[in-house]
file data07.cif (mmCIF, C-alpha atoms and all ligand atoms)
data_protein
loop_
_atom_site.label_atom_id
_atom_site.label_comp_id
_atom_site.auth_asym_id
_atom_site.auth_seq_id
_atom_site.Cartn_x
_atom_site.Cartn_y
_atom_site.Cartn_z
CA MET A 1 5.06 11.65 -24.65
CA LYS A 2 4.54 15.17 -23.31
CA CYS A 3 2.78 16.22 -20.11
CA PRO A 4 -0.97 16.67 -20.83
CA LYS A 5 -1.13 19.56 -18.39
CA CYS A 6 1.87 21.79 -19.16
CA GLU A 7 3.57 20.01 -22.10
CA GLY A 8 6.67 19.50 -19.98
CA GLU A 9 9.03 16.59 -20.49
CA PHE A 10 8.42 13.34 -18.64
CA SER A 11 11.03 11.54 -16.62
CA THR A 12 10.75 7.93 -15.51
CA ARG A 13 10.20 7.33 -11.82
CA TYR A 14 9.33 4.39 -9.62
CA VAL A 15 6.53 4.04 -7.11
CA LYS A 16 7.92 0.97 -5.34
CA ASP A 17 8.29 -1.46 -8.26
CA VAL A 18 5.91 0.31 -10.61
CA LYS A 19 7.46 2.41 -13.37
CA VAL A 20 5.57 5.66 -14.06
CA GLU A 21 6.17 8.92 -15.97
CA GLU A 22 6.44 12.13 -13.98
CA CYS A 23 6.40 15.64 -15.50
CA LYS A 24 9.62 17.50 -14.75
CA GLN A 25 7.75 20.83 -14.56
CA CYS A 26 4.38 20.34 -12.83
CA HIS A 27 5.18 16.97 -11.18
CA GLY A 28 1.94 15.37 -12.28
CA VAL A 29 2.22 11.63 -12.94
CA TRP A 30 1.06 9.45 -15.84
CA PHE A 31 0.09 5.84 -15.09
CA ASP A 32 -0.50 3.38 -17.93
CA ALA A 33 -3.65 1.24 -17.72
CA THR A 34 -3.25 -0.83 -14.54
CA GLU A 35 -0.20 0.94 -13.08
CA LEU A 36 -2.09 3.16 -10.63
CA GLU A 37 -3.85 0.17 -9.11
CA GLU A 38 -0.55 -1.70 -8.86
CA ALA A 39 1.22 1.31 -7.33
CA THR A 40 -1.56 1.83 -4.78
CA LYS A 41 -1.36 -1.77 -3.67
CA GLU A 42 2.43 -1.64 -3.49
CA VAL A 43 2.30 1.40 -1.22
CA ASP A 44 -0.27 -0.07 1.16
CA GLN A 45 -0.62 -3.86 1.18
CA ASP A 46 -3.93 -3.58 3.01
CA LEU A 47 -5.42 -2.05 -0.11
CA ARG A 48 -4.59 -5.11 -2.20
CA TRP A 49 -8.03 -6.64 -2.32
CA MET A 50 -10.06 -3.48 -2.88
CA ASP A 51 -11.95 -3.28 -6.14
CA PHE A 52 -10.42 -0.73 -8.50
CA ASP A 53 -12.06 -1.60 -11.77
CA LEU A 54 -12.92 1.87 -13.11
CA TRP A 55 -14.45 0.48 -16.28
CA LYS A 56 -16.96 -1.81 -14.62
CA ASN A 57 -19.16 1.08 -13.51
CA GLN A 58 -19.54 3.07 -16.72
CA ASP A 59 -22.03 5.48 -15.09
CA SER A 60 -19.30 7.05 -12.98
CA ILE A 61 -17.35 8.11 -16.07
CA ASP A 62 -18.03 11.68 -17.11
CA VAL A 63 -16.55 12.16 -20.57
CA SER A 64 -17.88 15.69 -20.98
CA ARG A 65 -15.88 17.23 -18.16
CA GLY A 66 -12.43 16.14 -19.22
CA THR A 67 -10.16 18.96 -20.34
CA LEU A 68 -6.81 17.25 -20.88
CA MET A 69 -5.65 15.24 -23.87
CA CYS A 70 -4.28 11.71 -23.46
CA PRO A 71 -0.50 11.91 -23.94
CA ARG A 72 -0.52 8.49 -25.62
CA CYS A 73 -3.60 8.63 -27.84
CA ASN A 74 -4.01 12.40 -28.24
CA ILE A 75 -7.77 12.28 -27.63
CA PRO A 76 -9.66 14.13 -24.85
CA MET A 77 -9.62 12.32 -21.53
CA ALA A 78 -12.65 11.77 -19.28
CA MET A 79 -13.13 12.61 -15.62
CA VAL A 80 -13.83 9.66 -13.37
CA LYS A 81 -14.05 9.07 -9.63
CA TYR A 82 -11.18 6.79 -8.75
CA GLY A 83 -12.43 3.44 -7.47
CA PRO A 84 -14.35 3.82 -4.22
CA THR A 85 -12.93 7.30 -3.52
CA GLU A 86 -14.30 10.77 -4.25
CA VAL A 87 -11.06 11.79 -5.97
CA GLN A 88 -11.67 12.83 -9.60
CA VAL A 89 -8.97 11.78 -12.00
CA ASP A 90 -8.41 12.17 -15.75
CA THR A 91 -8.44 8.94 -17.67
CA CYS A 92 -8.31 7.91 -21.31
CA THR A 93 -11.25 5.85 -22.57
CA ASN A 94 -9.01 4.33 -25.23
CA CYS A 95 -5.80 3.21 -23.48
CA HIS A 96 -7.17 3.44 -19.89
CA GLY A 97 -4.13 5.43 -18.74
CA ILE A 98 -4.63 7.79 -15.78
CA TRP A 99 -3.27 11.26 -15.18
CA LEU A 100 -2.80 12.50 -11.61
CA ASP A 101 -1.92 16.08 -10.73
CA LYS A 102 0.78 16.61 -8.13
CA GLY A 103 -0.46 15.37 -4.73
CA GLU A 104 -3.41 13.35 -6.07
CA PHE A 105 -1.67 10.02 -5.57
CA GLU A 106 -1.29 10.73 -1.86
CA GLU A 107 -4.92 11.90 -1.79
CA ILE A 108 -6.05 8.61 -3.31
CA ILE A 109 -4.04 6.53 -0.86
CA SER A 110 -5.47 8.33 2.14
CA ALA A 111 -9.03 8.25 0.71
CA LEU A 112 -8.73 4.48 0.19
CA GLU A 113 -7.39 3.98 3.69
CA ASP A 114 -10.31 6.00 5.09
CA GLU A 115 -12.72 3.95 3.02
CA LEU A 116 -11.19 0.75 4.31
CA SER A 117 -11.47 1.73 7.95
CA SER A 118 -15.06 2.99 7.59
CA MET A 119 -16.53 -0.08 5.90
CA SER A 120 -19.41 -1.73 7.74
CA GLU A 121 -19.34 -5.26 9.07
CA ASP A 122 -21.56 -6.41 6.19
CA GLU A 123 -19.22 -4.93 3.63
CA TYR A 124 -16.28 -6.77 5.18
CA TRP A 125 -18.24 -10.02 5.05
CA ASP A 126 -19.19 -9.41 1.42
CA ALA A 127 -15.56 -8.74 0.60
CA ALA A 128 -14.45 -11.82 2.52
CA MET A 129 -16.95 -14.01 0.68
CA LYS A 130 -15.91 -12.54 -2.65
CA GLU A 131 -12.25 -13.18 -1.90
CA ALA A 132 -13.05 -16.70 -0.70
CA TRP A 133 -14.80 -17.37 -3.99
CA GLU A 134 -11.89 -15.97 -5.97
CA LEU A 135 -9.60 -18.34 -4.09
CA ILE A 136 -11.39 -21.18 -5.85
CA ASP A 137 -12.30 -19.47 -9.07
CA GLY A 138 -9.78 -16.67 -9.49
CA ASP A 139 -7.23 -16.12 -12.17
CA LYS A 140 -4.76 -14.17 -9.99
CA GLY A 141 -3.17 -17.36 -8.71
CA PHE A 142 -3.83 -19.08 -5.44
CA ILE A 143 -1.13 -17.49 -3.32
CA SER A 144 -2.09 -13.98 -4.33
CA GLU A 145 -5.77 -14.66 -3.67
CA TRP A 146 -4.99 -16.23 -0.34
CA ARG A 147 -3.08 -13.13 0.74
CA ASP A 148 -6.02 -10.94 -0.26
CA PHE A 149 -8.38 -13.18 1.67
CA ARG A 150 -6.19 -13.02 4.75
CA THR A 151 -6.09 -9.23 4.56
CA VAL A 152 -9.89 -9.12 4.55
CA LEU A 153 -10.02 -11.53 7.45
CA ARG A 154 -7.65 -9.33 9.41
CA PHE A 155 -9.98 -6.36 8.94
CA LEU A 156 -12.94 -8.50 9.93
CA GLN A 157 -11.09 -9.38 13.09
CA TYR A 158 -10.64 -5.73 13.99
CA ARG A 159 -14.28 -5.02 13.38
CA VAL A 160 -16.33 -7.98 14.53
CA LEU A 161 -14.42 -10.50 16.45
CA VAL A 162 -14.13 -8.78 19.76
CA GLU A 163 -17.88 -9.29 20.08
CA ASN A 164 -17.93 -12.78 18.58
CA PRO A 165 -15.36 -15.05 20.25
CA LYS A 166 -16.71 -18.16 18.53
CA VAL A 167 -16.22 -16.69 15.06
CA GLN A 168 -12.78 -15.61 16.10
CA SER A 169 -11.62 -19.11 16.97
CA ALA A 170 -13.10 -20.47 13.73
CA LEU A 171 -11.25 -17.87 11.68
CA THR A 172 -8.03 -18.39 13.59
CA ALA A 173 -8.20 -22.10 12.77
CA LEU A 174 -8.91 -21.28 9.13
CA THR A 175 -5.98 -18.91 8.68
CA ARG A 176 -3.65 -21.34 10.46
CA SER A 177 -4.53 -24.04 7.98
CA SER A 178 -2.77 -22.15 5.19
CA PRO A 179 0.73 -23.15 4.12
CA PHE A 180 1.46 -19.53 3.20
CA GLN A 181 2.17 -17.80 6.47
ZN ZN A 201 3.47 19.05 -16.52
ZN ZN A 202 -4.96 7.08 -24.25
#
call {"tool": "encode", "arguments": {"input": "data07.cif", "output": "structure tokens", "more": "lines below"}}
Ligand SMILES: [Zn+2]
Ligand SMILES: [Zn+2]
result
Amino acid sequence: MKCPKCEGEFSTRYVKDVKVEECKQCHGVWFDATELEEATKEVDQDLRWMDFDLWKNQDSIDVSRGTLMCPRCNIPMAMVKYGPTEVQVDTCTNCHGIWLDKGEFEEIISALEDELSSMSEDEYWDAAMKEAWELIDGDKGFISEWRDFRTVLRFLQYRVLVENPKVQSALTALTRSSPFQ
């Protein structure tokens, strides 16, 4: 594979445990299909439960504006807003790999953290309910889902619980009931 931006050579690099390809010249980074999501969640555990499925919302994918070629498939990539952020990234509609220019990974992390801290109470509740449902129904495995659920609960606590002491004691009891502390 060659860099889609400057045709430089790639070298393998790790973002925590996730193996990615970085261009030796322009320092852009190539993430295969789910690697960017994994890397993001490795860097900030609080982002674990956020919804990153780029392909669910097809409307946000703008194929016409892509200028780079996928280094794996050699077809033009599309521009897409990454998850709930405003950061535009290049992605391949075939292999779902994602190209980030130098600095865009950091931009995504801070945009996601902003998004997380600016969510409304209702959005936290929706997320909590969704995670609770996935605990029962999910395919990620119970322990992983439980951790996601607890993360959401922690954010709910920041946001709501100061004003709702009764809810707080109910949630405290609930999180204590888990064997995975
Ligand atoms: Zn490059
Ligand atoms: Zn591709």
call {"tool": "residues_near_ligand", "arguments": {"input": "data07.cif", "ligand": "ligand ZN 202 (chain A)", "cutoff": "7 Å", "atoms": "all atoms listed in the file", "output": "list in words"}}
result
Cys70, Pro71, Arg72, Cys73, Asn74, Ile75, Cys92, Thr93, Asn94, Cys95, His96 and Gly97 of chain A
call {"tool": "residues_near_ligand", "arguments": {"input": "data07.cif", "ligand": "ligand ZN 201 (chain A)", "cutoff": "7 Å", "atoms": "all atoms listed in the file", "output": "list in words"}}
result
Cys3, Pro4, Lys5, Cys6, Glu7, Gly8, Cys23, Lys24, Gln25, Cys26, His27 and Gly28 of chain A
call {"tool": "residues_near_point", "arguments": {"input": "data07.cif", "point": "(-11.2, 7.9, -12.6)", "cutoff": "7 Å", "atoms": "all atoms listed in the file", "output": "ChimeraX atom specification"}}
result
/A:54,79-83,88-91
call {"tool": "residues_around", "arguments": {"input": "data07.cif", "residues": "A:Val18", "least_positions_apart": "3", "cutoff": "10 Å", "atoms": "only C-alpha atoms", "output": "PyMOL selection string"}}
result
chain A and resi 13-15+31+35-40+42
call {"tool": "residues_near_point", "arguments": {"input": "data07.cif", "point": "(9.5, 7.8, -21.1)", "cutoff": "7 Å", "atoms": "all atoms listed in the file", "output": "PDB file with C-alpha atoms, in the coordinates of the input"}}
result
ATOM      1  CA  MET A   1       5.060  11.650 -24.650  1.00  0.00           C
ATOM      2  CA  PHE A  10       8.420  13.340 -18.640  1.00  0.00           C
ATOM      3  CA  SER A  11      11.030  11.540 -16.620  1.00  0.00           C
ATOM      4  CA  THR A  12      10.750   7.930 -15.510  1.00  0.00           C
ATOM      5  CA  GLU A  21       6.170   8.920 -15.970  1.00  0.00           C
TER       6      GLU A  21
END
call {"tool": "atom_distance", "arguments": {"input": "data07.cif", "atom1": "atom CA of A:Asp101", "atom2": "atom CA of A:Glu113"}}
result
19.6 Å
call {"tool": "atom_distance", "arguments": {"input": "data07.cif", "atom1": "atom CA of A:Ile98", "atom2": "atom CA of A:Ala78"}}
result
9.6 Å
